[in-house]
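J.: Take this structure, written in structure tokens, and hold onto it; I'll ask about it next.
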Amino acid sequence: MQMLRIVLEPLLDKALTANGIHNQHWRSMLVRSREHDQGDLSLPCFPFAKELGKPPAEIAQMIAESLDSSDAIGEVNAVAGYLNVKANPVWLAEQVFLNAIRIGDAYGSKPANDEHILVEHTSANPNGPFHVGRARNAILGDTMVRLHRLHGNNVRAEYYVDDMGKQVAVLAWALKNLSASDVEQTLSDREPVNSKWQGKADHERVRWYQAAQAIRQDRADKEQIEADISKMVHASEHGDEAVLKSFEDAYQPVLDGMLSTLKRLGIDFDTFTKESMFVTNGDVSRLMKQFKTFDIHGVAENGAEFLDLGARGLKGKTEFFFRRGDGSSLYATRDIAYHMWKWQQCDRLINVLGEDHKLQAKQVGLTLAELGEKIPDVLFYSFIKLPEGKMSTRKGNVVYMDDLLEEAQAQAAAVVSDIHPEYTTEMVAEIAEAAGTSAVRFNIIKVSPDKGFTFRWEEALAFEGGSAPFIMYSHARACSIARKCAASGIDITSVLSEEATIPSEMPKGLVELLRTLCIHHDILAKAVNDRRPHLFANQLLQLATSFNAFYRDCMILQDGELNVFNFQISELARDLMRCSMEGLGILPVEQM
RNA sequence: GGACGUAUAGUGUAGUUGGAUAUCACUUUGGCCUUCUAAGCCGAAAACCCGGGUUCGAAUCCUGGUACGUCCGCCA
């Protein structure tokens, strides 16, 4: 609780000095109380024991007794060697009314500061529909974008389009050379496209890609095919505009299909940057020339070139190849050109990458350092697998995001119409869509990114306990109260601007809500700075839980009588829930 | 083989710049709707991979194992 810490530290400093403790190390020992019932901040006094020659319990007691009082401090106690300080609930309520808990908005409409942040995420090859594994990147990335905006930063969400190289070439070759019947014949042993997704280009065109992959292995003229594809790859890497255009015609509808899936999850991008740009504008060849001048530059037998990053501390395979024997560039080379370009337009750079990119990111980082550039922050995440094992389109062991969202919507609709038979079909569909997509996002974001994750339908579609609908429900309940007040003829605007009397005695649920409100911003800052969005997801669950406790203990409208203070707190909490939900991509519907 | 990451109740998960009685949810189980939305609330049971070390104090740090994941392409 930062706001309490600011008040407490000078008082503690004085009390500690008075008791003969002079080193300043204690500041880092003052931590959030582990025993929530005991306090908000705690100071373990064990390290002072040696210095003072007294038992820790006694020292804690001495400090407690010599601590000056303050409006901010409610209780001070010394237990088992710990000095516990609890904030005064009345003071917390004052802080809340003074707007100390305000956070920004998730749409970045009015950034509070001038720090420009570029978040690059997703950047999936445009060759097929998203499965839930690939979607972890998009959900993490979009959440980082939203949380940074909530934190007041100026953020750009960027998708790096892999518009050259072998994967796109294979897709382009297939669309040009294979008929629909060729494709269906080749893939006769696989599941057909779900009829629901017919006409959605990511689902349809991936069949061409898959058929081409099969044909490249088996067909009699496979060497000719390979040569054709190589020729296209080679041309693209030398910036051949006709070939790049044919690639674009092949992948763009696929990419559009993929983006419509993300759109359903509330995920948008500000800019799309094509990889080929760095070839056609000459950045890549300039970069390769510059690499030649480095003292860690090396040449292989066939003329391929590399940097020996072993000299810069890289372990294992230390040669980082940036140029093939035929003179063309590699993906990583272009990635470095891309990073230099990105650094020209932001103060901070965040890349969201799967753990399979760790080595590559290390190589890019070391090379950027060699070039005198800054190194980007990277948010790595571990993969999502299925109970049957690794997700693989080839083996048919895959769950498409489109299918998951449909199922989530359907199951949510069943719950809504069960609870509220009086709702119209349209209302049910709308609420179910919000609850379903929000639940899918939340179930992925609430888990620490570095933790492996096994996708299970029953967990992805859980709508109780620690889920998005649980949070949405608390918020909807707050909305319902406000509606009820308005309906009973209360002038909401004037009531909210009244100066309410803060009660000196508060029920437990109210105190808990105030304490939760007052650490909300601290947790947001930590989640953003440490790139750990799940911390904020857990805080939002805590906020919803605290609101439920407040709802239990504090009546707002009773026998037609409005409790102004309770209503103001309820509305503040409601607003904080709403913008926090938007920060995680949960839709704050007002009625459920 | 080498590098990196992960290991917490039956299940999933939080907590790791060392600190108290280890968080939350699901499951199991006992209660609460004639009062602002019960997708809710209150209670019970249940866990730090194994061995050593450092420390007043270790889930957290060091070390040695074990299990799982990822990488070790002139692919992207």
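All residue names refer to the structure tokens as shown: chains lettered A, B, ... in order, residues numbered from 1 in each chain, ligands numbered from 1 in order.
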Which residues come within 9 Å of Ala573 (chain A), counting only C-alpha atoms (C1' of nucleotides), excluding same-chain residues fewer than 3 positions away, as a VMD selection string?
T.: chain A and resid 475 478 513 517 543 to 544 547 568 to 570 576 to 578
J.: Once DSSP has gone over the backbone, tell me which residues of region 252-368 of chain A are in helix (DSSP H, G or I), as an MDAnalysis selection string.
T.: chainID A and resid 252:264 277:280 283:292 309:312 331:343 355:368
J.: Please list as a ChimeraX atom specification every residue within 10 Å of Ala235 (chain A), counting only C-alpha atoms (C1' of nucleotides) and excluding residues in the same chain fewer than 6 positions away.
T.: /A:164-165,229,241-244,328
J.: Which residues come within 9 Å of region 47-53 of chain B, counting only C-alpha atoms (C1' of nucleotides), excluding same-chain residues fewer than 2 positions away, as a ChimeraX atom specification?
T.: /B:7-9,22,59,62-67
J.: Keeping N, CA and C atoms (P, O5', C5', C4', C3', O3' and C1' of nucleotides) for every residue in the selection just given, could you write it to a file as a short mmCIF file (atom, residue, chain, number, x, y, z; two decimals), in the first residue's frame?
T.:
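Writing the result to again.cif gives the following:
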```
data_model
loop_
_atom_site.label_atom_id
_atom_site.label_comp_id
_atom_site.auth_asym_id
_atom_site.auth_seq_id
_atom_site.Cartn_x
_atom_site.Cartn_y
_atom_site.Cartn_z
P A B 7 7.21 -23.51 -10.56
"O5'" A B 7 6.93 -25.08 -10.43
"C5'" A B 7 5.66 -25.61 -10.78
"C4'" A B 7 5.67 -27.11 -10.55
"C3'" A B 7 5.69 -27.53 -9.08
"O3'" A B 7 4.95 -28.74 -8.92
"C1'" A B 7 7.57 -28.42 -10.19
P U B 8 3.42 -28.67 -8.65
"O5'" U B 8 3.37 -27.99 -7.22
"C5'" U B 8 3.86 -28.69 -6.09
"C4'" U B 8 3.39 -28.01 -4.84
"C3'" U B 8 1.87 -27.97 -4.68
"O3'" U B 8 1.39 -29.17 -4.10
"C1'" U B 8 2.75 -25.82 -4.28
P A B 9 0.29 -29.97 -4.77
"O5'" A B 9 -0.92 -29.88 -3.74
"C5'" A B 9 -2.10 -30.66 -3.94
"C4'" A B 9 -2.66 -31.02 -2.59
"C3'" A B 9 -4.06 -31.62 -2.66
"O3'" A B 9 -4.14 -32.76 -1.82
"C1'" A B 9 -4.02 -29.75 -1.20
P A B 22 0.45 -21.85 7.14
"O5'" A B 22 -0.04 -20.89 5.99
"C5'" A B 22 0.55 -19.63 5.72
"C4'" A B 22 0.42 -19.36 4.25
"C3'" A B 22 -0.83 -19.98 3.61
"O3'" A B 22 -1.93 -19.09 3.73
"C1'" A B 22 1.10 -20.56 2.36
P A B 59 10.08 -23.20 3.83
"O5'" A B 59 9.40 -23.44 2.41
"C5'" A B 59 9.77 -24.54 1.61
"C4'" A B 59 9.47 -24.26 0.17
"C3'" A B 59 10.40 -23.22 -0.47
"O3'" A B 59 11.53 -23.85 -1.02
"C1'" A B 59 8.13 -22.64 -0.88
P C B 62 19.89 -19.59 -6.61
"O5'" C B 62 21.11 -20.31 -5.88
"C5'" C B 62 22.35 -19.64 -5.69
"C4'" C B 62 23.31 -20.56 -4.98
"C3'" C B 62 23.42 -21.96 -5.57
"O3'" C B 62 24.33 -21.99 -6.66
"C1'" C B 62 23.12 -22.13 -3.24
P U B 63 24.11 -23.05 -7.85
"O5'" U B 63 24.43 -24.42 -7.12
"C5'" U B 63 25.74 -24.73 -6.65
"C4'" U B 63 25.73 -26.07 -5.97
"C3'" U B 63 25.10 -27.20 -6.77
"O3'" U B 63 26.00 -27.74 -7.72
"C1'" U B 63 24.24 -27.23 -4.59
P G B 64 25.42 -28.32 -9.11
"O5'" G B 64 24.96 -29.77 -8.66
"C5'" G B 64 25.89 -30.66 -8.08
"C4'" G B 64 25.17 -31.87 -7.54
"C3'" G B 64 24.14 -32.47 -8.48
"O3'" G B 64 24.71 -33.26 -9.49
"C1'" G B 64 23.23 -32.32 -6.30
P G B 65 23.85 -33.64 -10.77
"O5'" G B 65 22.95 -34.79 -10.16
"C5'" G B 65 21.64 -34.93 -10.62
"C4'" G B 65 20.90 -35.90 -9.73
"C3'" G B 65 19.56 -36.28 -10.31
"O3'" G B 65 19.68 -37.44 -11.09
"C1'" G B 65 19.25 -35.38 -8.16
P U B 66 19.11 -37.41 -12.57
"O5'" U B 66 17.54 -37.52 -12.32
"C5'" U B 66 17.02 -38.62 -11.57
"C4'" U B 66 15.58 -38.37 -11.22
"C3'" U B 66 14.70 -37.88 -12.37
"O3'" U B 66 14.28 -38.94 -13.20
"C1'" U B 66 14.29 -36.55 -10.47
P A B 67 14.11 -38.66 -14.79
"O5'" A B 67 12.71 -37.91 -14.83
"C5'" A B 67 11.53 -38.55 -14.38
"C4'" A B 67 10.40 -37.57 -14.34
"C3'" A B 67 10.20 -36.77 -15.63
"O3'" A B 67 9.48 -37.49 -16.60
"C1'" A B 67 10.16 -35.30 -13.79
#
```
J.: At a cut-off of 8 Å, using only C-alpha atoms (C1' of nucleotides), what residues contact region 461-470 of chain A? Leave out same-chain residues fewer than 2 positions from it and give the result as a ChimeraX atom specification.
T.: /A:408,411-412,435-436,438-440,442-443,457-459,472-474,541,544,586 /B:24-26,39
J.: From the list A:Asp13, A:Glu590, A:Asp403, A:Asp221, which residue is nearest chain B when using only C-alpha atoms (C1' of nucleotides)?
T.: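 The answer is A:Glu590, which sits nearest to chain B.
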J.: Starting from chain B, keep only residues with some atom at most 8 Å from an atom of chain A, counting only C-alpha atoms (C1' of nucleotides), and report them as a PyMOL selection string.
T.: chain B and resi 2-6+13-14+19-20+24-26+36-37+39-41+56+69-72+74+76
J.: In region 377-587 of chain A, what's strand (DSSP E or B) per DSSP? Answer as a list in words?
T.: Asp377, Val378, Leu379, Phe380, Tyr381, Ile384, Lys385, Leu386, Gly389, Ser392, Asn397, Tyr400, Phe453, Thr454, Leu557, Gln558, Glu561 and Leu562 of chain A
J.: Would you export the selected residues with N, CA, C and O atoms as a tab-separated table (two decimals), in the first residue's frame, please?
T.:
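Contents of out_24.tsv, as written:
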```
chain	number	residue	atom	x	y	z
A	377	ASP	N	12.42	-5.14	-24.21
A	377	ASP	CA	11.87	-6.00	-23.17
A	377	ASP	C	11.11	-7.11	-23.86
A	377	ASP	O	10.44	-6.87	-24.86
A	378	VAL	N	11.22	-8.30	-23.33
A	378	VAL	CA	10.50	-9.41	-23.95
A	378	VAL	C	9.62	-10.09	-22.91
A	378	VAL	O	10.04	-10.36	-21.79
A	379	LEU	N	8.39	-10.33	-23.29
A	379	LEU	CA	7.48	-11.12	-22.47
A	379	LEU	C	7.40	-12.50	-23.12
A	379	LEU	O	6.81	-12.66	-24.18
A	380	PHE	N	8.05	-13.47	-22.49
A	380	PHE	CA	8.02	-14.84	-23.00
A	380	PHE	C	6.87	-15.60	-22.35
A	380	PHE	O	6.56	-15.40	-21.18
A	381	TYR	N	6.29	-16.48	-23.12
A	381	TYR	CA	5.25	-17.32	-22.54
A	381	TYR	C	5.48	-18.76	-22.95
A	381	TYR	O	6.05	-19.05	-24.00
A	384	ILE	N	0.67	-23.57	-24.75
A	384	ILE	CA	-0.55	-24.24	-24.34
A	384	ILE	C	-0.58	-25.58	-25.05
A	384	ILE	O	-0.39	-25.66	-26.26
A	385	LYS	N	-0.78	-26.63	-24.28
A	385	LYS	CA	-0.92	-27.93	-24.92
A	385	LYS	C	-2.28	-28.53	-24.60
A	385	LYS	O	-3.00	-28.03	-23.73
A	386	LEU	N	-2.62	-29.59	-25.30
A	386	LEU	CA	-3.88	-30.28	-25.05
A	386	LEU	C	-3.61	-31.49	-24.17
A	386	LEU	O	-2.47	-31.95	-24.07
A	389	GLY	N	-1.57	-33.94	-25.65
A	389	GLY	CA	-0.19	-33.57	-25.98
A	389	GLY	C	-0.13	-32.26	-26.74
A	389	GLY	O	-1.07	-31.47	-26.71
A	392	SER	N	-1.07	-29.65	-32.65
A	392	SER	CA	-0.48	-29.80	-33.97
A	392	SER	C	-1.58	-29.87	-35.01
A	392	SER	O	-2.44	-30.75	-34.96
A	397	ASN	N	-4.56	-32.56	-33.89
A	397	ASN	CA	-4.69	-32.38	-32.45
A	397	ASN	C	-4.68	-30.88	-32.15
A	397	ASN	O	-3.66	-30.31	-31.81
A	400	TYR	N	-9.36	-24.90	-32.44
A	400	TYR	CA	-9.36	-23.57	-33.06
A	400	TYR	C	-10.06	-22.57	-32.16
A	400	TYR	O	-11.06	-22.88	-31.52
A	453	PHE	N	0.71	-24.70	-19.81
A	453	PHE	CA	-0.72	-24.57	-19.65
A	453	PHE	C	-1.37	-25.69	-20.46
A	453	PHE	O	-1.07	-25.86	-21.62
A	454	THR	N	-2.21	-26.46	-19.80
A	454	THR	CA	-2.94	-27.50	-20.53
A	454	THR	C	-4.37	-27.04	-20.73
A	454	THR	O	-5.07	-26.73	-19.77
A	557	LEU	N	-29.70	1.10	-0.50
A	557	LEU	CA	-31.08	1.58	-0.56
A	557	LEU	C	-31.91	0.68	0.36
A	557	LEU	O	-32.07	-0.50	0.08
A	558	GLN	N	-32.34	1.24	1.47
A	558	GLN	CA	-33.11	0.43	2.42
A	558	GLN	C	-34.40	1.15	2.77
A	558	GLN	O	-34.36	2.29	3.23
A	561	GLU	N	-34.74	4.54	1.64
A	561	GLU	CA	-33.79	5.50	2.21
A	561	GLU	C	-32.40	5.25	1.60
A	561	GLU	O	-31.91	4.13	1.65
A	562	LEU	N	-31.78	6.30	1.07
A	562	LEU	CA	-30.47	6.13	0.45
A	562	LEU	C	-29.35	6.43	1.45
A	562	LEU	O	-29.35	7.46	2.12
```
J.: When you count only C-alpha atoms, which of these residues is closest to Lys110 (chain A): A:Leu30, A:Met581, A:Ala429, A:Leu150?
T.: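 The answer is A:Leu150, which sits nearest to Lys110 (chain A).
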J.: Can you pull out every residue within 10 Å of Arg190 (chain A), counting only C-alpha atoms (C1' of nucleotides), but drop anything in the same chain fewer than 5 positions away, and send it as a PyMOL selection string?
T.: chain A and resi 184+394-396
J.: Would you list the contacts of Gly104 (chain A) as a JSON list (two decimals) with N, CA, C and O atoms, in the first residue's frame, taking every protein, DNA or RNA residue within 7 Å and counting only C-alpha atoms (C1' of nucleotides), but skipping same-chain residues closer than 2 positions in sequence?
T.:
```
[["chain", "number", "residue", "atom", "x", "y", "z"],
["A", 102, "ARG", "N", -7.70, 6.66, -8.63],
["A", 102, "ARG", "CA", -8.05, 6.75, -10.05],
["A", 102, "ARG", "C", -6.99, 6.11, -10.94],
["A", 102, "ARG", "O", -5.80, 6.29, -10.73],
["A", 106, "ALA", "N", -8.62, 2.16, -20.57],
["A", 106, "ALA", "CA", -7.93, 1.13, -21.34],
["A", 106, "ALA", "C", -7.87, 1.45, -22.83],
["A", 106, "ALA", "O", -7.24, 0.71, -23.58],
["A", 149, "ARG", "N", -2.06, 1.32, -21.28],
["A", 149, "ARG", "CA", -2.95, 2.48, -21.49],
["A", 149, "ARG", "C", -3.64, 2.85, -20.18],
["A", 149, "ARG", "O", -3.76, 4.03, -19.84],
["A", 150, "LEU", "N", -4.04, 1.84, -19.44],
["A", 150, "LEU", "CA", -4.67, 2.06, -18.14],
["A", 150, "LEU", "C", -3.70, 2.80, -17.23],
["A", 150, "LEU", "O", -4.09, 3.62, -16.40],
["A", 151, "HIS", "N", -2.43, 2.49, -17.39],
["A", 151, "HIS", "CA", -1.39, 3.08, -16.56],
["A", 151, "HIS", "C", -1.02, 4.48, -17.03],
["A", 151, "HIS", "O", -0.20, 5.15, -16.42],
["A", 152, "GLY", "N", -1.62, 4.89, -18.15],
["A", 152, "GLY", "CA", -1.39, 6.25, -18.62],
["A", 152, "GLY", "C", -0.34, 6.40, -19.70],
["A", 152, "GLY", "O", 0.03, 7.52, -20.06]]
```
J.: My list of candidates is A:Cys518, A:Leu118, A:Arg312, A:Ala174. Which is closest to Asn88 (chain A) when distances are computed with only C-alpha atoms?
T.: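 When distances to Asn88 (chain A) are compared using only C-alpha atoms, the smallest one comes from A:Cys518.
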